[in-house]
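*Asks:* Here you go, this is entry01.txt (compact mmCIF, C-alpha atoms).
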```
# COMPACT_ATOMS: atom_id res chain seq x y z
CA MET O 40 20.86 14.67 -3.54
CA ALA O 41 19.75 16.74 -6.51
CA LEU O 42 17.85 19.86 -5.55
CA PHE O 43 16.07 20.12 -8.88
CA LYS O 44 14.65 17.57 -11.26
CA ARG O 45 14.97 18.01 -14.98
CA VAL O 46 11.50 18.68 -16.31
CA LYS O 47 10.79 17.21 -19.70
CA LYS O 48 9.27 19.77 -22.02
CA VAL O 49 5.90 18.49 -23.17
CA SER O 50 4.69 19.54 -26.61
CA THR O 51 1.07 20.01 -27.55
CA PRO O 52 -0.75 16.63 -27.65
CA MET O 53 -1.64 15.16 -31.04
CA LYS O 54 -5.39 15.62 -30.63
CA ALA O 55 -4.87 19.25 -29.63
CA LYS O 56 -2.70 19.79 -32.72
CA GLU O 57 -5.48 18.36 -34.89
CA THR O 58 -7.91 20.81 -33.28
CA ILE O 59 -5.51 23.73 -33.87
CA ALA O 60 -5.01 22.59 -37.47
CA ARG O 61 -8.77 22.50 -38.04
CA GLU O 62 -9.16 26.00 -36.60
CA ILE O 63 -6.41 27.31 -38.89
CA LEU O 64 -7.96 25.53 -41.86
CA ASN O 65 -11.29 27.27 -41.19
CA SER O 66 -9.62 30.56 -42.12
CA PHE O 67 -9.00 29.24 -45.66
CA SER O 68 -11.53 29.23 -48.48
CA ILE O 69 -10.79 25.54 -49.07
CA SER O 70 -12.00 24.50 -45.60
CA GLY O 71 -15.26 23.12 -47.00
CA MET O 72 -13.29 20.82 -49.30
CA ILE O 73 -11.38 19.16 -46.45
CA ARG O 74 -13.22 16.49 -44.53
CA ASN O 75 -10.67 15.24 -41.97
CA VAL O 76 -7.29 16.49 -40.79
CA PHE O 77 -4.87 13.94 -39.38
CA VAL O 78 -1.58 14.73 -37.65
CA GLU O 79 1.52 12.58 -37.20
CA GLU O 80 4.72 13.55 -35.41
CA VAL O 81 8.18 13.71 -37.00
CA HIS O 82 11.46 14.46 -35.25
CA SER O 83 12.74 17.26 -37.48
CA PRO O 84 11.34 20.41 -39.12
CA TRP O 85 12.99 19.22 -42.35
CA SER O 86 10.64 16.22 -42.39
CA GLU O 87 7.44 18.24 -42.24
CA LYS O 88 5.04 17.69 -45.15
CA VAL O 89 1.37 17.52 -46.07
CA VAL O 90 -0.28 14.70 -48.00
CA ARG O 91 -3.71 14.90 -49.57
CA LEU O 92 -5.54 11.61 -49.09
CA ALA O 93 -8.23 10.17 -51.32
CA GLY O 94 -11.67 11.62 -50.63
CA GLN O 95 -15.30 11.24 -51.64
CA ARG O 96 -18.00 13.54 -53.06
CA GLY O 97 -15.67 16.48 -53.74
CA GLN O 98 -14.04 16.31 -50.32
CA THR O 99 -10.59 15.11 -49.32
CA ASP O 100 -8.64 14.20 -46.18
CA VAL O 101 -5.20 15.61 -45.41
CA LYS O 102 -2.41 14.34 -43.21
CA LEU O 103 0.09 16.76 -41.68
CA SER O 104 3.52 15.51 -40.64
CA LEU O 105 4.52 17.96 -37.91
CA TRP O 106 7.78 18.40 -36.01
CA ASN O 107 7.22 17.45 -32.35
CA SER O 108 7.89 20.98 -31.16
CA ASP O 109 5.62 23.94 -30.44
CA ARG O 110 8.03 26.44 -31.98
CA PHE O 111 6.24 28.45 -34.70
CA LEU O 112 3.46 25.84 -34.54
CA TYR O 113 0.79 28.13 -35.98
CA GLY O 114 3.02 29.24 -38.85
CA ARG O 115 4.23 25.72 -39.62
CA ILE O 116 0.66 24.43 -39.90
CA TYR O 117 -0.46 27.47 -41.90
CA ARG O 118 2.32 27.07 -44.50
CA LEU O 119 1.47 23.38 -45.01
CA PHE O 120 -2.12 24.33 -45.77
CA LEU O 121 -0.84 26.77 -48.42
CA TYR O 122 0.46 23.75 -50.34
CA VAL O 123 -3.05 22.26 -50.17
CA CYS O 124 -4.51 25.56 -51.36
CA ASP O 125 -2.23 25.47 -54.39
CA ASP O 126 -3.09 21.84 -55.00
CA LEU O 127 -6.84 22.60 -55.06
CA ASP O 128 -6.58 25.95 -56.87
CA ASP O 129 -7.96 25.79 -60.43
CA HIS O 130 -5.66 28.65 -61.50
CA PHE O 131 -2.56 26.83 -60.21
CA GLN O 132 -3.46 23.77 -62.34
CA TYR O 133 -1.56 21.21 -60.31
CA ASP O 134 -0.61 18.21 -62.44
CA PRO O 135 1.34 15.42 -60.69
CA LYS O 136 2.29 13.88 -64.05
CA LEU O 137 4.55 16.88 -64.76
CA ILE O 138 6.59 16.57 -61.56
CA PRO O 139 10.28 15.71 -62.26
CA HIS O 140 11.16 12.18 -61.20
CA GLY O 141 13.21 12.04 -58.00
CA LYS O 142 15.53 9.26 -59.18
CA SER O 143 16.08 10.01 -62.87
CA GLU O 144 16.08 13.81 -62.42
CA PRO O 145 17.12 14.42 -58.78
CA LYS O 146 18.62 17.90 -59.38
CA ILE O 147 15.53 19.13 -61.26
CA ARG O 148 13.26 17.63 -58.60
CA GLU O 149 15.19 19.38 -55.83
CA THR O 150 14.97 22.72 -57.64
CA TYR O 151 11.24 22.21 -58.18
CA ASN O 152 10.76 21.54 -54.43
CA GLN O 153 12.80 24.65 -53.60
CA ILE O 154 10.75 26.86 -55.93
CA TRP O 155 7.44 25.72 -54.46
CA GLY O 156 8.85 26.26 -50.96
CA ILE O 157 9.88 29.79 -51.95
CA TYR O 158 6.40 30.45 -53.33
CA VAL O 159 4.81 29.31 -50.07
CA ASP O 160 7.18 31.08 -47.68
CA SER O 161 7.17 34.38 -49.60
CA ARG O 162 3.39 34.48 -49.05
CA MET O 163 3.91 33.74 -45.37
CA GLU O 164 6.15 36.81 -45.13
CA LYS O 165 3.57 38.99 -46.92
CA LEU O 166 0.93 37.78 -44.46
CA GLY O 167 3.21 38.66 -41.54
CA ILE O 168 3.00 35.15 -40.06
CA GLU O 169 6.01 33.95 -38.07
CA ASN O 170 7.57 31.04 -39.90
CA PHE O 171 10.43 28.65 -39.23
CA PHE O 172 11.33 28.88 -42.93
CA ASP O 173 11.84 32.64 -43.04
CA LYS O 174 13.41 34.43 -46.00
CA ARG O 175 16.99 34.11 -44.77
CA LEU O 176 16.75 30.37 -44.15
CA ARG O 177 14.89 29.77 -47.39
CA LYS O 178 17.55 31.72 -49.31
CA ASN O 179 20.38 29.73 -47.72
CA LEU O 180 18.62 26.47 -48.57
CA PHE O 181 18.15 27.54 -52.18
CA ILE O 182 21.76 28.68 -52.64
CA ASP O 183 23.00 25.43 -51.09
CA SER O 184 20.87 23.45 -53.55
CA GLN O 185 22.42 25.26 -56.54
CA ARG O 186 26.06 24.33 -56.02
CA ASN O 187 26.72 24.51 -59.76
CA LEU O 188 26.15 28.28 -59.66
CA PRO O 189 28.18 31.12 -58.12
CA TRP O 190 26.56 32.56 -55.01
CA ALA O 191 25.90 35.90 -56.72
CA VAL O 192 23.91 34.18 -59.47
CA SER O 193 21.88 31.86 -57.22
CA SER O 194 21.17 34.83 -54.92
CA LEU O 195 19.86 36.79 -57.90
CA PHE O 196 17.66 33.88 -58.96
CA PHE O 197 16.30 33.53 -55.43
CA GLU O 198 15.28 37.19 -55.22
CA LYS O 199 13.45 36.94 -58.54
CA LEU O 200 11.62 33.80 -57.45
CA TRP O 201 10.81 35.27 -54.02
CA ASN O 202 9.47 38.55 -55.39
CA ARG O 203 7.31 36.99 -58.08
CA GLY O 204 3.59 37.38 -57.48
CA THR O 205 1.91 34.13 -58.52
CA TYR O 206 2.78 30.88 -60.25
CA THR O 207 1.05 28.14 -62.11
CA HIS O 208 2.31 24.61 -61.59
CA ALA O 209 3.57 24.45 -65.19
CA GLU O 210 5.54 27.71 -64.76
CA MET O 211 7.12 26.38 -61.59
CA ILE O 212 8.27 23.23 -63.37
CA ASP O 213 9.54 25.24 -66.34
CA HIS O 214 11.72 27.29 -63.98
CA ALA O 215 13.07 24.08 -62.44
CA TYR O 216 14.21 22.84 -65.85
CA HIS O 217 15.41 26.21 -67.15
CA LEU O 218 16.51 28.15 -64.08
CA ASP O 219 19.24 29.93 -66.05
CA LEU O 220 16.58 31.84 -68.03
CA LEU O 221 16.02 33.95 -64.92
CA SER O 222 19.39 35.63 -65.42
CA GLU O 223 18.39 37.73 -68.45
CA GLY O 224 22.08 38.56 -68.88
CA GLU O 225 22.52 39.59 -65.24
CA GLY O 226 24.99 38.22 -62.73
CA ASP O 227 28.43 36.70 -63.03
CA LYS O 228 28.41 33.09 -64.18
CA SER O 229 32.18 32.82 -64.01
CA ASP O 230 33.47 29.37 -63.18
CA ASP O 231 36.42 31.11 -61.49
CA ALA O 232 34.29 32.11 -58.49
CA PHE O 233 35.90 30.88 -55.27
CA GLU O 234 32.81 28.95 -54.16
CA MET O 235 32.72 27.15 -57.52
CA GLU O 236 36.30 25.95 -57.08
CA ILE O 237 35.49 24.69 -53.57
CA SER O 238 32.32 22.99 -54.82
CA ARG O 239 34.23 21.18 -57.56
CA SER O 240 36.84 20.07 -55.06
CA LEU O 241 34.19 18.70 -52.70
CA MET O 242 32.49 16.75 -55.48
CA ASP O 243 35.52 15.35 -57.27
CA HIS O 244 39.05 15.39 -56.02
CA SER O 245 41.95 12.94 -56.19
CA ALA O 246 45.73 13.22 -56.42
CA LYS O 247 45.62 12.42 -60.15
CA LYS O 248 42.76 14.87 -60.73
CA ASN O 249 44.58 17.64 -58.88
CA ILE O 250 47.69 17.19 -61.01
CA ASP O 251 45.71 16.89 -64.24
CA ASN O 252 44.09 20.24 -63.43
CA ILE O 253 47.47 22.02 -63.39
CA VAL O 254 47.48 24.21 -66.50
CA SER O 255 51.25 24.48 -66.94
CA ILE O 256 52.81 21.40 -68.54
CA ARG O 257 56.13 22.12 -66.82
CA LEU O 258 54.54 22.39 -63.36
CA ARG O 259 52.52 19.26 -64.06
CA ASP O 260 55.75 17.40 -64.86
CA ILE O 261 57.36 18.63 -61.62
CA ALA O 262 54.35 17.44 -59.62
CA HIS O 263 54.49 14.02 -61.29
CA THR O 264 58.24 13.81 -60.57
CA ILE O 265 57.69 14.52 -56.86
CA LEU O 266 54.88 11.97 -56.64
CA TYR O 267 57.00 9.31 -58.36
CA PHE O 268 59.96 10.05 -56.07
CA VAL O 269 57.88 9.75 -52.88
CA ALA O 270 56.20 6.55 -54.08
CA SER O 271 59.59 5.00 -54.98
CA HIS O 272 61.81 6.19 -52.11
CA CYS O 273 59.44 6.70 -49.17
CA ARG O 274 57.87 3.30 -48.64
CA GLY O 275 54.64 3.20 -46.68
CA THR O 276 53.78 6.83 -47.37
CA LEU O 277 50.10 7.60 -47.82
CA ILE O 278 49.55 9.98 -50.72
CA GLU O 279 46.12 11.62 -50.51
CA SER O 280 44.35 14.53 -52.16
CA SER O 281 42.95 17.49 -50.30
CA TYR O 282 40.75 20.34 -51.47
CA TYR O 283 43.79 22.40 -52.43
CA GLY O 284 46.33 19.80 -53.46
CA ILE O 285 48.09 16.68 -52.17
CA TYR O 286 49.54 15.67 -48.83
CA PHE O 287 52.07 12.99 -47.88
CA MET O 288 51.67 11.15 -44.59
CA TYR O 289 53.61 8.40 -42.84
CA ASP O 290 52.39 6.80 -39.61
CA GLN O 291 49.72 9.49 -39.12
CA GLU O 292 52.35 12.23 -39.54
CA ILE O 293 51.96 14.64 -42.47
CA PHE O 294 55.48 15.56 -43.59
CA ALA O 295 54.76 17.36 -46.88
CA GLU O 296 51.93 19.18 -48.64
CA MET O 297 51.82 20.21 -52.27
CA ALA O 298 49.38 22.96 -53.27
CA THR O 299 48.29 22.65 -56.90
CA THR O 300 45.73 25.46 -57.11
CA LYS O 301 47.97 28.31 -58.30
CA ALA O 302 48.33 28.84 -62.04
CA ASP O 303 51.94 30.08 -62.02
CA SER O 304 53.56 28.10 -59.24
CA LEU O 305 53.57 24.83 -57.35
CA LEU O 306 53.93 25.22 -53.59
CA LEU O 307 55.58 22.43 -51.63
CA THR O 308 55.74 22.71 -47.84
CA LEU O 309 57.91 20.32 -45.82
CA PHE O 310 57.21 19.77 -42.12
CA ASP O 311 60.14 18.77 -39.92
CA PHE O 312 58.47 17.22 -36.87
CA GLN O 313 61.70 17.01 -34.88
CA SER O 314 62.51 20.73 -35.05
CA ASN O 315 58.83 21.71 -35.33
CA THR O 316 59.60 23.91 -38.33
CA ASN O 317 58.41 24.03 -41.90
CA LYS O 318 59.85 25.21 -45.19
CA THR O 319 57.94 26.14 -48.34
CA TYR O 320 59.31 25.94 -51.87
CA ALA O 321 57.60 27.91 -54.64
CA MET O 322 58.41 26.09 -57.86
CA THR O 323 57.72 27.82 -61.17
CA GLU O 324 58.14 26.92 -64.82
CA ASN O 325 61.73 28.20 -64.57
CA THR O 326 62.63 25.89 -61.69
CA GLY O 327 65.44 23.59 -62.74
CA GLU O 328 66.73 20.50 -60.94
CA ILE O 329 64.68 19.54 -57.88
CA SER O 330 67.03 16.87 -56.51
CA THR O 331 67.78 19.02 -53.43
CA ILE O 332 64.07 19.21 -52.61
CA GLN O 333 63.72 15.46 -53.14
CA GLN O 334 66.58 14.80 -50.75
CA GLU O 335 64.98 16.98 -48.07
CA ILE O 336 61.73 15.04 -48.49
CA LYS O 337 63.59 11.77 -48.01
CA THR O 338 65.51 13.07 -44.97
CA ILE O 339 62.31 14.10 -43.17
CA TYR O 340 60.61 10.84 -44.15
CA GLU O 341 63.50 8.76 -42.77
CA SER O 342 63.40 10.67 -39.47
CA ILE O 343 59.71 9.86 -39.07
CA ALA O 344 60.23 6.24 -40.15
CA ASN O 345 63.06 5.74 -37.64
CA HIS O 346 60.98 7.32 -34.89
CA SER O 347 58.11 4.99 -35.76
CA ARG O 348 60.36 1.93 -35.53
CA LEU O 349 61.52 3.01 -32.09
CA LYS O 350 57.92 3.29 -30.92
CA VAL O 351 57.37 -0.44 -31.39
CA ILE O 352 60.04 -1.15 -28.78
CA LYS O 353 58.33 -1.31 -25.38
CA ASN O 354 61.26 0.24 -23.55
CA PRO O 355 64.02 1.34 -25.94
CA TYR O 356 66.30 2.39 -23.04
CA THR O 357 66.74 -1.23 -21.92
CA GLU O 358 67.85 -2.37 -25.37
CA HIS O 359 71.54 -2.94 -26.09
CA VAL O 360 73.05 -0.02 -27.97
CA GLU O 361 75.66 -0.95 -30.53
CA LYS O 362 78.83 1.14 -30.49
```
Is it possible to give me this structure as C-alpha cells?

*Replies:*
Amino acid sequence: MALFKRVKKVSTPMKAKETIAREILNSFSISGMIRNVFVEEVHSPWSEKVVRLAGQRGQTDVKLSLWNSDRFLYGRIYRLFLYVCDDLDDHFQYDPKLIPHGKSEPKIRETYNQIWGIYVDSRMEKLGIENFFDKRLRKNLFIDSQRNLPWAVSSLFFEKLWNRGTYTHAEMIDHAYHLDLLSEGEGDKSDDAFEMEISRSLMDHSAKKNIDNIVSIRLRDIAHTILYFVASHCRGTLIESSYYGIYFMYDQEIFAEMATTKADSLLLTLFDFQSNTNKTYAMTENTGEISTIQQEIKTIYESIANHSRLKVIKNPYTEHVEK
C-alpha cells in the first residue's frame, strides 16, 4: 500500500487570475480605458498572448491567454499589459495595416514579433520585475530566429535592440525589414562562420548537394566515382547525406562515410563490422587510382550482405553445409 498520495499541484483559479490581472492593470495609466479583463488558460508559456477586443465609448476589453502555471504569474501578466500600453499609446502609433503578413513574409513577421518582445522584456528588466522571458532567454530566442546570420552579428543586433530606449511602431517594422542596418559596419558577416555552415546543412542537404559543394573539380570527380561504384557494385546500399557528407548503409549497418566538408581533401572512412575496426583514407587532388579503395568497399559490403543472408535462416547450424 502506498504511504503517500501524489498531490496534484493546483494553479490559481481563473476568476482569481482575472482579479489579479485587474489589480495589476490598476497600476497602469491605461486602466481607465480597459472595461473588462478576461482570462483563458493555455498549456505553454510560448502560447501566451493578449488580444484587445472591440469596445464602446473609448473603452475596450482585453483577453489574456495565460499559461496554466503560477510561475512568474505577476510578471507574465504585467508584460502582456505592456503590449496593450503600446497599442493604446499615441506616441507609439500602432498601425495594424503595417504589420508584415505571416504567410507571404514569415521571416519578416517573426523578426517583427521578436523586436516587440525585446522592447517589452527590456522594460521589464528596467522595472526589476521577475519575468519568464528574461534577457538571456530573449537573446537565445532572437539568435535562433536569425539563422541566416552568424551568432556574433545577431548577438550584436540583439544588444542594440535591447538597449534602445523607445520605439514607434513604424520604427519597429522598419527594423524588421532592414535589420542589417543595425550593423553600421560592425560584426563579422562571414558566411564561413561554423554556425552558418551547420545552418545551411540543416536547411538543405542531399548527397548531390554535398558533392556539388566540393570546390575542387578533382575531388568532386573522385566523390562521383565512389558513388557510382557503390551504386553499381553494392546492390541494396542506401546512400544518404548527412550534415558533413555522405554515408553508405546496408541492412541498417553503416559501412562507409565520406566527409565532403574539407576544401583540400576528401575523407573516406570504412567500417569493418567483423573486426570492429575502421580505416580512413584522405584523398587529395594528387590521389591517383582509387581501385584499391573501391575493392575494400566491396569486400566490407559483401561481408555484411553475406551476414544478412545468414540471418534469414532460422537456425543456420541445422542446414547442410556443402564441402

*Asks:* Using atom CA of Ala295 of chain O and atom CA of Val269 of chain O as the two end points, give the distance in Å to one decimal.

*Replies:*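 Distance reported for this atom pair: 10.2 Å.
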
*Asks:* Near segment 123-135 of chain O, counting all atoms listed in the file, which residues have an atom at most 7 Å away, once you skip same-chain residues fewer than 4 positions from it, shown as JSON, numbers by chain?

*Replies:* {"O": [69, 119, 206, 207, 208]}

*Asks:* Quick one: write out the picked residues with C-alpha atoms as a tab-separated table (two decimals), keeping the file's coordinate frame?

*Replies:*
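Okay, this is what ended up in again-v9.tsv:
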```tsv
chain	number	residue	atom	x	y	z
O	69	ILE	CA	-10.79	25.54	-49.07
O	119	LEU	CA	1.47	23.38	-45.01
O	206	TYR	CA	2.78	30.88	-60.25
O	207	THR	CA	1.05	28.14	-62.11
O	208	HIS	CA	2.31	24.61	-61.59
```

*Asks:* Which is closest to Thr326 of chain O among O:Glu79, O:Glu279, O:Asp303, O:Asp219, if we use only C-alpha atoms?

*Replies:*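 So, comparing all the options, the nearest one is O:Asp303.
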
*Asks:* Find the residues with any atom within 12 Å of (-15.9, 19.7, -47.1); use only C-alpha atoms and the coordinates as given in the file, and write the answer as a PDB file with C-alpha atoms, keeping the file's coordinate frame.

*Replies:*
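File produced: result_18.pdb:
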```pdb
ATOM      1  CA  ARG O  61      -8.770  22.500 -38.040  1.00  0.00           C
ATOM      2  CA  LEU O  64      -7.960  25.530 -41.860  1.00  0.00           C
ATOM      3  CA  ASN O  65     -11.290  27.270 -41.190  1.00  0.00           C
ATOM      4  CA  PHE O  67      -9.000  29.240 -45.660  1.00  0.00           C
ATOM      5  CA  SER O  68     -11.530  29.230 -48.480  1.00  0.00           C
ATOM      6  CA  ILE O  69     -10.790  25.540 -49.070  1.00  0.00           C
ATOM      7  CA  SER O  70     -12.000  24.500 -45.600  1.00  0.00           C
ATOM      8  CA  GLY O  71     -15.260  23.120 -47.000  1.00  0.00           C
ATOM      9  CA  MET O  72     -13.290  20.820 -49.300  1.00  0.00           C
ATOM     10  CA  ILE O  73     -11.380  19.160 -46.450  1.00  0.00           C
ATOM     11  CA  ARG O  74     -13.220  16.490 -44.530  1.00  0.00           C
ATOM     12  CA  ASN O  75     -10.670  15.240 -41.970  1.00  0.00           C
ATOM     13  CA  VAL O  76      -7.290  16.490 -40.790  1.00  0.00           C
ATOM     14  CA  GLY O  94     -11.670  11.620 -50.630  1.00  0.00           C
ATOM     15  CA  GLN O  95     -15.300  11.240 -51.640  1.00  0.00           C
ATOM     16  CA  ARG O  96     -18.000  13.540 -53.060  1.00  0.00           C
ATOM     17  CA  GLY O  97     -15.670  16.480 -53.740  1.00  0.00           C
ATOM     18  CA  GLN O  98     -14.040  16.310 -50.320  1.00  0.00           C
ATOM     19  CA  THR O  99     -10.590  15.110 -49.320  1.00  0.00           C
ATOM     20  CA  ASP O 100      -8.640  14.200 -46.180  1.00  0.00           C
ATOM     21  CA  VAL O 101      -5.200  15.610 -45.410  1.00  0.00           C
TER      22      VAL O 101
END
```

*Asks:* For Ser304 of chain O, which residue out of O:Glu324, O:Asp183, O:Asp251, O:Asp109 is the nearest one, using all atoms listed in the file?

*Replies:*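 With all atoms listed in the file as the atom set, the closest residue is O:Glu324.
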
*Asks:* In Å, how far is it from atom CA of Asn170 of chain O to atom CA of Arg115 of chain O?

*Replies:*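 Interatomic distance, atom CA of Asn170 of chain O to atom CA of Arg115 of chain O: 6.3 Å.
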
*Asks:* Can you tell me which residues surround Ser104 of chain O at a distance of at most 6 Å, considering all atoms listed in the file, apart from same-chain residues fewer than 6 positions away, and format the answer as number ranges by chain?

*Replies:* O: 78-80, 87-88

*Asks:* What's the separation between atom CA of Phe181 of chain O and atom CA of Ala215 of chain O, in Å to one decimal place?

*Replies:*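 Between atom CA of Phe181 of chain O and atom CA of Ala215 of chain O the gap is 12.0 Å.
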
*Asks:* With only C-alpha atoms as the atoms that count, which of O:Glu210, O:Asp160, O:Glu144, O:Asp260 lies nearest to Met322 of chain O?

*Replies:*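 Among O:Glu210, O:Asp160, O:Glu144, O:Asp260, it is O:Asp260 that comes nearest to Met322 of chain O.
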
*Asks:* Would you please work out which residue, of O:Leu200, O:Leu103, O:Leu195, O:Ile116, is nearest to Phe171 of chain O when using all atoms listed in the file?

*Replies:* O:Ile116

*Asks:* Which residues are near Thr331 of chain O? Cut-off 12 Å, all atoms listed in the file, ignore same chain within fewer than 6 positions. Put them as a list in words.

*Replies:*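 Residues near the query, excluding close chain neighbours: Ile265, Tyr320, Lys337 and Thr338 of chain O.
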
*Asks:* List the neighbours of Ile168 of chain O out to 10 Å using all atoms listed in the file; skip same-chain residues closer than 4 positions along the sequence, and give me the result as a ChimeraX atom specification.

*Replies:* /O:111,113-115,117-118,160,162-164,173

*Asks:* Pull C-alpha atoms from the residues just selected and write them as a PDB file, in the coordinates of the input.

*Replies:*
```pdb
ATOM      1  CA  PHE O 111       6.240  28.450 -34.700  1.00  0.00           C
ATOM      2  CA  TYR O 113       0.790  28.130 -35.980  1.00  0.00           C
ATOM      3  CA  GLY O 114       3.020  29.240 -38.850  1.00  0.00           C
ATOM      4  CA  ARG O 115       4.230  25.720 -39.620  1.00  0.00           C
ATOM      5  CA  TYR O 117      -0.460  27.470 -41.900  1.00  0.00           C
ATOM      6  CA  ARG O 118       2.320  27.070 -44.500  1.00  0.00           C
ATOM      7  CA  ASP O 160       7.180  31.080 -47.680  1.00  0.00           C
ATOM      8  CA  ARG O 162       3.390  34.480 -49.050  1.00  0.00           C
ATOM      9  CA  MET O 163       3.910  33.740 -45.370  1.00  0.00           C
ATOM     10  CA  GLU O 164       6.150  36.810 -45.130  1.00  0.00           C
ATOM     11  CA  ASP O 173      11.840  32.640 -43.040  1.00  0.00           C
TER      12      ASP O 173
END
```

*Asks:* Show me as number ranges by chain the residues that reach within 9 Å of (61.3, 21.6, -43.0), counting all atoms listed in the file and using the file's own coordinates.

*Replies:* O: 294-295, 308-312, 314-319, 335-336, 339

*Asks:* Missing atoms in segment 172-192 of chain O need filling: write out N, CA and C atoms for it as a JSON list (two decimals), in the coordinates of the input.

*Replies:*
```json
[["chain", "number", "residue", "atom", "x", "y", "z"],
["O", 172, "PHE", "N", 10.64, 28.71, -41.66],
["O", 172, "PHE", "CA", 11.33, 28.88, -42.93],
["O", 172, "PHE", "C", 11.20, 30.34, -43.38],
["O", 173, "ASP", "N", 11.89, 31.23, -42.67],
["O", 173, "ASP", "CA", 11.84, 32.64, -43.04],
["O", 173, "ASP", "C", 12.69, 32.89, -44.29],
["O", 174, "LYS", "N", 12.73, 34.13, -44.74],
["O", 174, "LYS", "CA", 13.41, 34.43, -46.00],
["O", 174, "LYS", "C", 14.89, 34.08, -45.96],
["O", 175, "ARG", "N", 15.55, 34.38, -44.85],
["O", 175, "ARG", "CA", 16.99, 34.11, -44.77],
["O", 175, "ARG", "C", 17.29, 32.62, -44.86],
["O", 176, "LEU", "N", 16.53, 31.82, -44.11],
["O", 176, "LEU", "CA", 16.75, 30.37, -44.15],
["O", 176, "LEU", "C", 16.40, 29.82, -45.52],
["O", 177, "ARG", "N", 15.28, 30.27, -46.08],
["O", 177, "ARG", "CA", 14.89, 29.77, -47.39],
["O", 177, "ARG", "C", 15.93, 30.12, -48.45],
["O", 178, "LYS", "N", 16.52, 31.31, -48.36],
["O", 178, "LYS", "CA", 17.55, 31.72, -49.31],
["O", 178, "LYS", "C", 18.79, 30.84, -49.17],
["O", 179, "ASN", "N", 19.21, 30.58, -47.94],
["O", 179, "ASN", "CA", 20.38, 29.73, -47.72],
["O", 179, "ASN", "C", 20.15, 28.32, -48.27],
["O", 180, "LEU", "N", 18.95, 27.80, -48.07],
["O", 180, "LEU", "CA", 18.62, 26.47, -48.57],
["O", 180, "LEU", "C", 18.66, 26.43, -50.10],
["O", 181, "PHE", "N", 18.16, 27.49, -50.71],
["O", 181, "PHE", "CA", 18.15, 27.54, -52.18],
["O", 181, "PHE", "C", 19.57, 27.63, -52.73],
["O", 182, "ILE", "N", 20.38, 28.52, -52.16],
["O", 182, "ILE", "CA", 21.76, 28.68, -52.64],
["O", 182, "ILE", "C", 22.53, 27.38, -52.47],
["O", 183, "ASP", "N", 22.32, 26.70, -51.34],
["O", 183, "ASP", "CA", 23.00, 25.43, -51.09],
["O", 183, "ASP", "C", 22.58, 24.37, -52.10],
["O", 184, "SER", "N", 21.35, 24.45, -52.58],
["O", 184, "SER", "CA", 20.87, 23.45, -53.55],
["O", 184, "SER", "C", 21.40, 23.71, -54.95],
["O", 185, "GLN", "N", 21.93, 24.91, -55.20],
["O", 185, "GLN", "CA", 22.42, 25.26, -56.54],
["O", 185, "GLN", "C", 23.95, 25.38, -56.53],
["O", 186, "ARG", "N", 24.61, 24.30, -56.18],
["O", 186, "ARG", "CA", 26.06, 24.33, -56.02],
["O", 186, "ARG", "C", 26.81, 24.49, -57.34],
["O", 187, "ASN", "N", 26.10, 24.32, -58.44],
["O", 187, "ASN", "CA", 26.72, 24.51, -59.76],
["O", 187, "ASN", "C", 26.74, 25.97, -60.18],
["O", 188, "LEU", "N", 26.20, 26.85, -59.34],
["O", 188, "LEU", "CA", 26.15, 28.28, -59.66],
["O", 188, "LEU", "C", 26.94, 29.10, -58.64],
["O", 189, "PRO", "N", 27.57, 30.19, -59.08],
["O", 189, "PRO", "CA", 28.18, 31.12, -58.12],
["O", 189, "PRO", "C", 27.11, 31.69, -57.20],
["O", 190, "TRP", "N", 27.52, 32.05, -55.99],
["O", 190, "TRP", "CA", 26.56, 32.56, -55.01],
["O", 190, "TRP", "C", 25.82, 33.79, -55.53],
["O", 191, "ALA", "N", 26.54, 34.67, -56.24],
["O", 191, "ALA", "CA", 25.90, 35.90, -56.72],
["O", 191, "ALA", "C", 24.76, 35.57, -57.68],
["O", 192, "VAL", "N", 24.94, 34.55, -58.50],
["O", 192, "VAL", "CA", 23.91, 34.18, -59.47],
["O", 192, "VAL", "C", 22.72, 33.52, -58.78]]
```
